[in-house]
There are 2 protein chains.
Amino acid sequence: MSNYKAPVTDLRFALHDVLKAESLFAAMGFEEASADLIDAVLEEAGRFSGSVLAPLNAVGDQTGCKLDKATNEVTTAPGFKEAYAQFVEGGWTGLTASPDFGGQGMPETMGMALSEMVSSANLAWSLFPMLSHGAVEALKHYGEDWQKEAFLKPLVAGNWTGTMCLTEPHAGTDLGLLKTRAEPHADGSYSITGTKIFITAGEHDLADNIVHLVLAKLPDAPAGPKGISLFVTPKYKVDRDGKQGERNELHCGALEHKMGIHGSSTCVMNFDGAQGYLVGQPHKGLQAMFVMMNSARLGVGVQGLAQSERAYQGALAYARERLQSRAPKGAVQPDKPADPIIAQPDVRRMLLTTKALTEGGRLLAAHAYTQLDAANRSADAQARADADTLVSFLTPIVKACLTEWSIEATYNGQQVFGGHGYIAEHGMEQYARDARITTLYEGTTGIQALDLIGRKTAASQGAGLKLFLAEIEQFIAANANNPAVAEFLPALGGKAKEWGKLTIDVLQRAAANPEELGAASWDYLFYSGYVAVAYWWARSVVAAQASSHPEAFKQAKLETARFYYARILPRTLSHAAGIAAGADSLMDMDSVRFGD
Amino acid sequence: MSNYKAPVTDLRFALHDVLKAESLFAAMGFEEASADLIDAVLEEAGRFSGSVLAPLNAVGDQTGCKLDKATNEVTTAPGFKEAYAQFVEGGWTGLTASPDFGGQGMPETMGMALSEMVSSANLAWSLFPMLSHGAVEALKHYGEDWQKEAFLKPLVAGNWTGTMCLTEPHAGTDLGLLKTRAEPHADGSYSITGTKIFITAGEHDLADNIVHLVLAKLPDAPAGPKGISLFVTPKYKVDRDGKQGERNELHCGALEHKMGIHGSSTCVMNFDGAQGYLVGQPHKGLQAMFVMMNSARLGVGVQGLAQSERAYQGALAYARERLQSRAPKGAVQPDKPADPIIAQPDVRRMLLTTKALTEGGRLLAAHAYTQLDAANRSADAQARADADTLVSFLTPIVKACLTEWSIEATYNGQQVFGGHGYIAEHGMEQYARDARITTLYEGTTGIQALDLIGRKTAASQGAGLKLFLAEIEQFIAANANNPAVAEFLPALGGKAKEWGKLTIDVLQRAAANPEELGAASWDYLFYSGYVAVAYWWARSVVAAQASSHPEAFKQAKLETARFYYARILPRTLSHAAGIAAGADSLMDMDSVRFGD
């Protein structure tokens, strides 16, 4: 098992040197989020992740969760419960929550840094506290006062955890098809009946209560997505003054057998007339669910980033120590029987691909989180609106690209290890299996791609893209005479222009044929991601030069940027061709001709 | 679990309509390989694979192999032994072996078709008989007469199976580092001592004896790869008249815990002074091993193809039946609550990507096998030499591209299933885990890429590429006035020219800097694969038009070719940029600057 060392230096670089987090946070009213406190959070979260959570990663994979069919209780892997108690004790569950409910009121951007480290160390474990965040957001925005009082404090404190109960066997992407129903009672409560699947942390032994946020239909619900309501339905009933009562009529019917994240309990949840309360307006549940989902999607992007980082650390260590063959120009360690494989150009290609996409992706995500904070907290209404537009636009890019790059990073990690990459003891195969969920849940990559080109671009005439392109143009103008970055600006400027042009082209075609959006969506997503990261690499070079980091750090940023522009950014060539190709070659084939 | 239906129609198309197998085989002296017999083999192998092997695929994954530490015996999953007995009974183990040793003397191309179906149905199971092929080849070419007599008949009959014992913990790619030693005895035998890892089918309960082909060093061996010898070292000793005797001093020390192919026993093999016999000349073991390895590499490419086919079948069935959301232009099944997801453009993109790479890849592989047969059997010496050059050139492309495409195909299969793709019961996640070995063993993709650009191109001044480009040019010239394929020829001709030009460029740069080969190798590999498959798609369109297949079949080939040229072939744009980018962006970074 390779160990995990939190990338505190690179997180500090992202937050302080590139994003100027301290002044950014201060302008949003996060006065407590000083540079010192930021650093302390990074150090301590890194320490906790590396020393407490990382050693439980393989244990969770091997042991998994156990469901006792007699009691419907789930037991987590050895050490998980104790680690969670320490996490609660350290106040981590409330890092970004409002002080009104016992939280520490830190920016969501800091929550992202915490999430990255926790997810790198132990993705399966990280899912137990993670889902509470969405439940808190939904209740904070849509809950009645008594619901906020009753549920938010224990969720923020971590004594209770939350879930999102959306999916049913026949209703995944298309939630309008769901069948779970809610019968109203005279006392204002509801009886929830139905089966939900893929419920992460639906049942476990880490917390005193589990607060399910459940989508269901009222008896008078219109058909489709406009007939869905949201209910809060805890494992143990909670009365209006917040007292935890008897067991509710819901239970875990089965645990899924999954490719990875074995340490996480992925539950089939049966609601058998469980007591629930309506959250928000009747039939407006999807609106509240999107509040949970958007934040969850950014969070899943960070999970991808986290798996990439961990795979990189393992692959780098192995590439430096594994001796096989000689370097192309002759021995670099002539006293050894062979050279370390990091001397091989193609091994370097794999490592640098992951390094460039991980460090660049970290900035892509961190920037999106600063926009999320700005959307919530900026003093100026226009600034809030712009930040909201920008983070909405960036969310599918962060979710899909960072998770797809984690597939590539964990793939490359295994390839660097050769046959050993397929063997459990080296850890790489677990990272690959664990990372594999991230492109599937909270909306597949295909769904993110459609969200980006449809709702986030076509539906708003490219408002988000315009804001992002303006930021890139501003950067290019500001650095027109900066020799440190001169080698990158022509390519960056050219790609930014092309991004706008490709967008106009596809939107025009889509006006005549709505299939054009879906046909272009996947290539458009990646094109967007690669150009966005090219911007962050150029900014990284400028920020590194201006920073007080050692010369070797500045040099590494410059060299990685050069690699990115030489070997990764050209992927936009094929994606641009895919965007331009149009829908016909996808749509002409009749379903029967796909095969027997 | 999705079922497997052998793609007999497409195999028949590849063999009869595109490759004209009957006349090809007849010209090589395979007179028995008539069209009728070819079809009978395809039908029967397809039936056996679908009905006997496919149902054991999930069983093998869930049960795996068990090692009894007391007896060092390995028990395979329920049903594996019985299925192997049926396979032996059916004569399948000897399909391509020489009648001199009890084989049926069919072309290797027919062996490929059998392998594809068997590997699709059950990759883990397929590895037990597969390794015998390499052992037979090595002994046939390099064994002494008594060794041929003693070992080949039972191997061909399938009563015994073979292994290749190459890898040691510290020696994978770099076999020159291996430490296993062979001490000579006066009676002409040797004592083999050492530890081998990753030995596929190293121990199992399917056969009466297991014939290990072991690389080891003689006491007077020069250092490095030129000091390696090959030994035949059976589980039960075999005397010079072929009689099976007592247990040899070798045993399985452990089974590896792997990401997939759980049904296959991947063994640590300990040789404790085991009796062995030298095969071929002292210190010339690598030469014999390459005979085994080249055929094994083509075979692993076919395993990749097989996983792609199985993933495609599962994903297609699901995409046709899963109802979610509406088609972009409005309901296609208005009487249903939603449309099947195959109505979505991006789902079609995923399916067509797999279909195009699988059917095109099948021809790429089948063509390489016909060259292998021609290299062995053509009457004309020059034809044999050319075929040998061509199959050598194509082998790393087949091995690496078909296995890499299986990663993509199984990835797409899971994505089509959404969250269900991560759950064991649907099978897709097993295909992804199983396929994952194919880019690692028998030389990683990086090793294949180096082999292609180095040994198979630079070292021979592009002899193999020239032969293949000549074939493409001949095809283009012959079809200059064929309207069926006119839309594809300009792109194909352009890419073929560019392929030649990029090759010259990189070889020129490599003359000045040997790092340029490794730096370009990965992009060069994929560039080559995508252009090669573009050729096979153009030929498929021509062959389909000229065939007696139904119109829907011809139309599907044309539409898939159009998709390939519109959406897959443009990947060459980024690979060409990668080839041109040069080595600096990979090599400038000092090892210490890659990270902490």
# chains A, B, ... in the order shown; residues from 1 in each chain; ligands from 1

$ closest_atom_pairs --of "chain A" --to "chain B" --cutoff "7 Å" --atoms "only C-alpha atoms" --output "JSON lines"
{"residue": "A:Thr173", "atom": "CA", "partner": "B:Gln324", "partner_atom": "CA", "distance": 6.7}
{"residue": "A:Asp174", "atom": "CA", "partner": "B:Gln324", "partner_atom": "CA", "distance": 5.3}
{"residue": "A:Glu256", "atom": "CA", "partner": "B:Ile423", "partner_atom": "CA", "distance": 6.6}
{"residue": "A:His257", "atom": "CA", "partner": "B:Ala424", "partner_atom": "CA", "distance": 5.6}
{"residue": "A:Lys258", "atom": "CA", "partner": "B:Ile423", "partner_atom": "CA", "distance": 4.6}
{"residue": "A:Met259", "atom": "CA", "partner": "B:Tyr422", "partner_atom": "CA", "distance": 5.6}
{"residue": "A:Gln324", "atom": "CA", "partner": "B:Asp174", "partner_atom": "CA", "distance": 5.3}
{"residue": "A:Ser325", "atom": "CA", "partner": "B:Asp174", "partner_atom": "CA", "distance": 5.4}
{"residue": "A:Pro328", "atom": "CA", "partner": "B:Glu515", "partner_atom": "CA", "distance": 5.5}
{"residue": "A:Lys329", "atom": "CA", "partner": "B:Pro514", "partner_atom": "CA", "distance": 6.3}
{"residue": "A:Pro345", "atom": "CA", "partner": "B:Ala519", "partner_atom": "CA", "distance": 5.1}
{"residue": "A:Asp346", "atom": "CA", "partner": "B:Gly518", "partner_atom": "CA", "distance": 5.8}
{"residue": "A:Arg348", "atom": "CA", "partner": "B:Leu586", "partner_atom": "CA", "distance": 6.0}
{"residue": "A:Arg349", "atom": "CA", "partner": "B:Leu586", "partner_atom": "CA", "distance": 6.2}
{"residue": "A:Gln415", "atom": "CA", "partner": "B:Leu440", "partner_atom": "CA", "distance": 6.6}
{"residue": "A:Gly418", "atom": "CA", "partner": "B:Leu440", "partner_atom": "CA", "distance": 5.6}
{"residue": "A:Gly419", "atom": "CA", "partner": "B:Leu440", "partner_atom": "CA", "distance": 5.4}
{"residue": "A:Tyr422", "atom": "CA", "partner": "B:Met259", "partner_atom": "CA", "distance": 5.6}
{"residue": "A:Ile423", "atom": "CA", "partner": "B:Lys258", "partner_atom": "CA", "distance": 4.6}
{"residue": "A:Ala424", "atom": "CA", "partner": "B:His257", "partner_atom": "CA", "distance": 5.6}
{"residue": "A:Glu429", "atom": "CA", "partner": "B:Met259", "partner_atom": "CA", "distance": 6.0}
{"residue": "A:Ile437", "atom": "CA", "partner": "B:Tyr422", "partner_atom": "CA", "distance": 6.6}
{"residue": "A:Leu440", "atom": "CA", "partner": "B:Gly419", "partner_atom": "CA", "distance": 5.4}
{"residue": "A:Tyr441", "atom": "CA", "partner": "B:Gly419", "partner_atom": "CA", "distance": 6.0}
{"residue": "A:Thr444", "atom": "CA", "partner": "B:Gly418", "partner_atom": "CA", "distance": 6.3}
{"residue": "A:Gly446", "atom": "CA", "partner": "B:Asp346", "partner_atom": "CA", "distance": 6.5}
{"residue": "A:Pro514", "atom": "CA", "partner": "B:Pro328", "partner_atom": "CA", "distance": 5.8}
{"residue": "A:Glu515", "atom": "CA", "partner": "B:Pro328", "partner_atom": "CA", "distance": 5.5}
{"residue": "A:Gly518", "atom": "CA", "partner": "B:Pro345", "partner_atom": "CA", "distance": 5.3}
{"residue": "A:Ala519", "atom": "CA", "partner": "B:Pro345", "partner_atom": "CA", "distance": 5.1}
{"residue": "A:Ala552", "atom": "CA", "partner": "B:Arg593", "partner_atom": "CA", "distance": 6.5}
{"residue": "A:Ala556", "atom": "CA", "partner": "B:Arg593", "partner_atom": "CA", "distance": 5.6}
{"residue": "A:Glu559", "atom": "CA", "partner": "B:Met589", "partner_atom": "CA", "distance": 6.4}
{"residue": "A:Arg562", "atom": "CA", "partner": "B:Ser585", "partner_atom": "CA", "distance": 6.1}
{"residue": "A:Phe563", "atom": "CA", "partner": "B:Ser585", "partner_atom": "CA", "distance": 4.9}
{"residue": "A:Ala566", "atom": "CA", "partner": "B:Ala581", "partner_atom": "CA", "distance": 5.9}
{"residue": "A:Arg567", "atom": "CA", "partner": "B:Gly578", "partner_atom": "CA", "distance": 5.5}
{"residue": "A:Pro570", "atom": "CA", "partner": "B:Ser574", "partner_atom": "CA", "distance": 5.1}
{"residue": "A:Arg571", "atom": "CA", "partner": "B:Ser574", "partner_atom": "CA", "distance": 5.0}
{"residue": "A:Leu573", "atom": "CA", "partner": "B:Ser574", "partner_atom": "CA", "distance": 5.8}
{"residue": "A:Ser574", "atom": "CA", "partner": "B:Arg571", "partner_atom": "CA", "distance": 5.0}
{"residue": "A:Ala577", "atom": "CA", "partner": "B:Pro570", "partner_atom": "CA", "distance": 6.4}
{"residue": "A:Gly578", "atom": "CA", "partner": "B:Arg567", "partner_atom": "CA", "distance": 5.5}
{"residue": "A:Ala581", "atom": "CA", "partner": "B:Ala566", "partner_atom": "CA", "distance": 6.0}
{"residue": "A:Ser585", "atom": "CA", "partner": "B:Phe563", "partner_atom": "CA", "distance": 4.9}
{"residue": "A:Leu586", "atom": "CA", "partner": "B:Arg348", "partner_atom": "CA", "distance": 6.0}
{"residue": "A:Met587", "atom": "CA", "partner": "B:Pro345", "partner_atom": "CA", "distance": 6.7}
{"residue": "A:Met589", "atom": "CA", "partner": "B:Glu559", "partner_atom": "CA", "distance": 6.4}
{"residue": "A:Arg593", "atom": "CA", "partner": "B:Ala556", "partner_atom": "CA", "distance": 5.6}

$ residues_around --residues "Val485 of chain A" --least-positions-apart "6" --cutoff "9 Å" --atoms "only C-alpha atoms" --output "PyMOL selection string"
chain A and resi 479+538-539+541-542+558

$ select_by_dssp --residues "segment 291-442 of chain B" --states "alpha helix (DSSP H)" --output "PyMOL selection string"
chain B and resi 291-321+345-377+381-417+428-435

$ closest_residue --among "B:Ile210, B:Ala150, B:Ala374, B:Leu230" --to "Phe25 of chain B" --atoms "only C-alpha atoms"
B:Ala374

$ residues_around --residues "segment 42-51 of chain B" --least-positions-apart "4" --cutoff "10 Å" --atoms "only C-alpha atoms" --output "PyMOL selection string"
chain B and resi 3-9+11-12+36-38+55-56+83+86-87+90+92+110+113-122

$ atom_distance --atom1 "atom CA of His426 of chain B" --atom2 "atom CA of Ile341 of chain B"
16.9 Å

$ residues_around --residues "segment 293-296 of chain B" --least-positions-apart "5" --cutoff "10 Å" --atoms "only C-alpha atoms" --output "JSON list (two decimals) with N, CA and C atoms, in the first residue's frame"
[["chain", "number", "residue", "atom", "x", "y", "z"],
["B", 108, "GLU", "N", -4.18, -20.56, -38.19],
["B", 108, "GLU", "CA", -4.19, -19.77, -36.97],
["B", 108, "GLU", "C", -5.35, -18.76, -37.00],
["B", 130, "MET", "N", -5.30, -21.36, -23.17],
["B", 130, "MET", "CA", -4.60, -20.45, -24.06],
["B", 130, "MET", "C", -3.08, -20.59, -24.03],
["B", 131, "LEU", "N", -2.55, -20.75, -22.81],
["B", 131, "LEU", "CA", -1.10, -20.72, -22.68],
["B", 131, "LEU", "C", -0.43, -21.95, -23.29],
["B", 133, "HIS", "N", -0.80, -22.99, -26.19],
["B", 133, "HIS", "CA", -0.45, -22.67, -27.57],
["B", 133, "HIS", "C", 1.00, -22.22, -27.67],
["B", 134, "GLY", "N", 1.41, -21.33, -26.77],
["B", 134, "GLY", "CA", 2.78, -20.83, -26.78],
["B", 134, "GLY", "C", 3.78, -21.94, -26.47],
["B", 135, "ALA", "N", 3.41, -22.79, -25.53],
["B", 135, "ALA", "CA", 4.31, -23.89, -25.17],
["B", 135, "ALA", "C", 4.50, -24.83, -26.36],
["B", 137, "GLU", "N", 4.22, -24.03, -29.52],
["B", 137, "GLU", "CA", 5.03, -23.34, -30.54],
["B", 137, "GLU", "C", 6.51, -23.41, -30.19],
["B", 138, "ALA", "N", 6.83, -23.12, -28.91],
["B", 138, "ALA", "CA", 8.24, -23.11, -28.50],
["B", 138, "ALA", "C", 8.86, -24.50, -28.66],
["B", 164, "MET", "N", 3.96, -20.13, -19.44],
["B", 164, "MET", "CA", 5.17, -19.37, -19.74],
["B", 164, "MET", "C", 5.65, -18.77, -18.42],
["B", 286, "LEU", "N", 15.71, -16.37, -24.96],
["B", 286, "LEU", "CA", 14.81, -15.25, -25.30],
["B", 286, "LEU", "C", 14.26, -15.41, -26.70],
["B", 287, "GLN", "N", 15.09, -15.93, -27.58],
["B", 287, "GLN", "CA", 14.67, -16.16, -28.97],
["B", 287, "GLN", "C", 13.46, -17.10, -29.00],
["B", 288, "ALA", "N", 13.54, -18.18, -28.24],
["B", 288, "ALA", "CA", 12.42, -19.13, -28.18],
["B", 288, "ALA", "C", 11.22, -18.48, -27.50],
["B", 301, "GLY", "N", -4.44, -9.33, -27.83],
["B", 301, "GLY", "CA", -5.23, -8.36, -28.59],
["B", 301, "GLY", "C", -6.64, -8.87, -28.84],
["B", 302, "VAL", "N", -6.72, -10.15, -29.18],
["B", 302, "VAL", "CA", -8.03, -10.77, -29.43],
["B", 302, "VAL", "C", -8.86, -10.83, -28.14],
["B", 369, "TYR", "N", -3.65, -12.24, -38.46],
["B", 369, "TYR", "CA", -3.57, -13.70, -38.37],
["B", 369, "TYR", "C", -3.40, -14.34, -39.75],
["B", 372, "LEU", "N", 0.11, -14.18, -40.37],
["B", 372, "LEU", "CA", 0.83, -15.18, -39.57],
["B", 372, "LEU", "C", 0.77, -16.53, -40.29],
["B", 391, "VAL", "N", 3.22, -9.14, -40.25],
["B", 391, "VAL", "CA", 2.59, -9.56, -39.00],
["B", 391, "VAL", "C", 3.41, -9.06, -37.80],
["B", 392, "SER", "N", 4.72, -8.99, -37.97],
["B", 392, "SER", "CA", 5.55, -8.43, -36.89],
["B", 392, "SER", "C", 5.20, -6.98, -36.63],
["B", 395, "THR", "N", 1.61, -6.80, -35.03],
["B", 395, "THR", "CA", 1.39, -7.42, -33.71],
["B", 395, "THR", "C", 1.27, -6.39, -32.57],
["B", 396, "PRO", "N", 2.20, -5.44, -32.42],
["B", 396, "PRO", "CA", 2.00, -4.48, -31.32],
["B", 396, "PRO", "C", 0.77, -3.60, -31.51],
["B", 399, "LYS", "N", -2.14, -5.91, -30.46],
["B", 399, "LYS", "CA", -2.11, -6.15, -29.02],
["B", 399, "LYS", "C", -2.53, -4.89, -28.28],
["B", 441, "TYR", "N", -0.58, -7.35, -19.27],
["B", 441, "TYR", "CA", 0.26, -8.55, -19.42],
["B", 441, "TYR", "C", 0.71, -8.76, -20.87],
["B", 442, "GLU", "N", 1.70, -9.63, -21.01],
["B", 442, "GLU", "CA", 2.39, -9.81, -22.31],
["B", 442, "GLU", "C", 2.95, -8.49, -22.83],
["B", 443, "GLY", "N", 3.40, -7.63, -21.93],
["B", 443, "GLY", "CA", 3.95, -6.33, -22.32],
["B", 443, "GLY", "C", 2.88, -5.26, -22.28]]

$ residues_around --residues "Thr370 of chain B" --least-positions-apart "6" --cutoff "10 Å" --atoms "only C-alpha atoms" --output "ChimeraX atom specification"
/B:15,19,21,24-25,28,107-110,112,376,387,391

$ residues_around --residues "Val211 of chain B" --least-positions-apart "6" --cutoff "8 Å" --atoms "only C-alpha atoms" --output "PyMOL selection string"
chain B and resi 135+151+160-163+232-235

$ residues_around --residues "Ile261 of chain A" --least-positions-apart "4" --cutoff "8 Å" --atoms "only C-alpha atoms" --output "PyMOL selection string"
chain A and resi 60-61+123-124+433-434+437

$ atom_distance --atom1 "atom CA of Val533 of chain A" --atom2 "atom CA of Ser308 of chain A"
15.2 Å

$ atom_distance --atom1 "atom CA of Tyr535 of chain B" --atom2 "atom CA of Gln474 of chain B"
11.3 Å
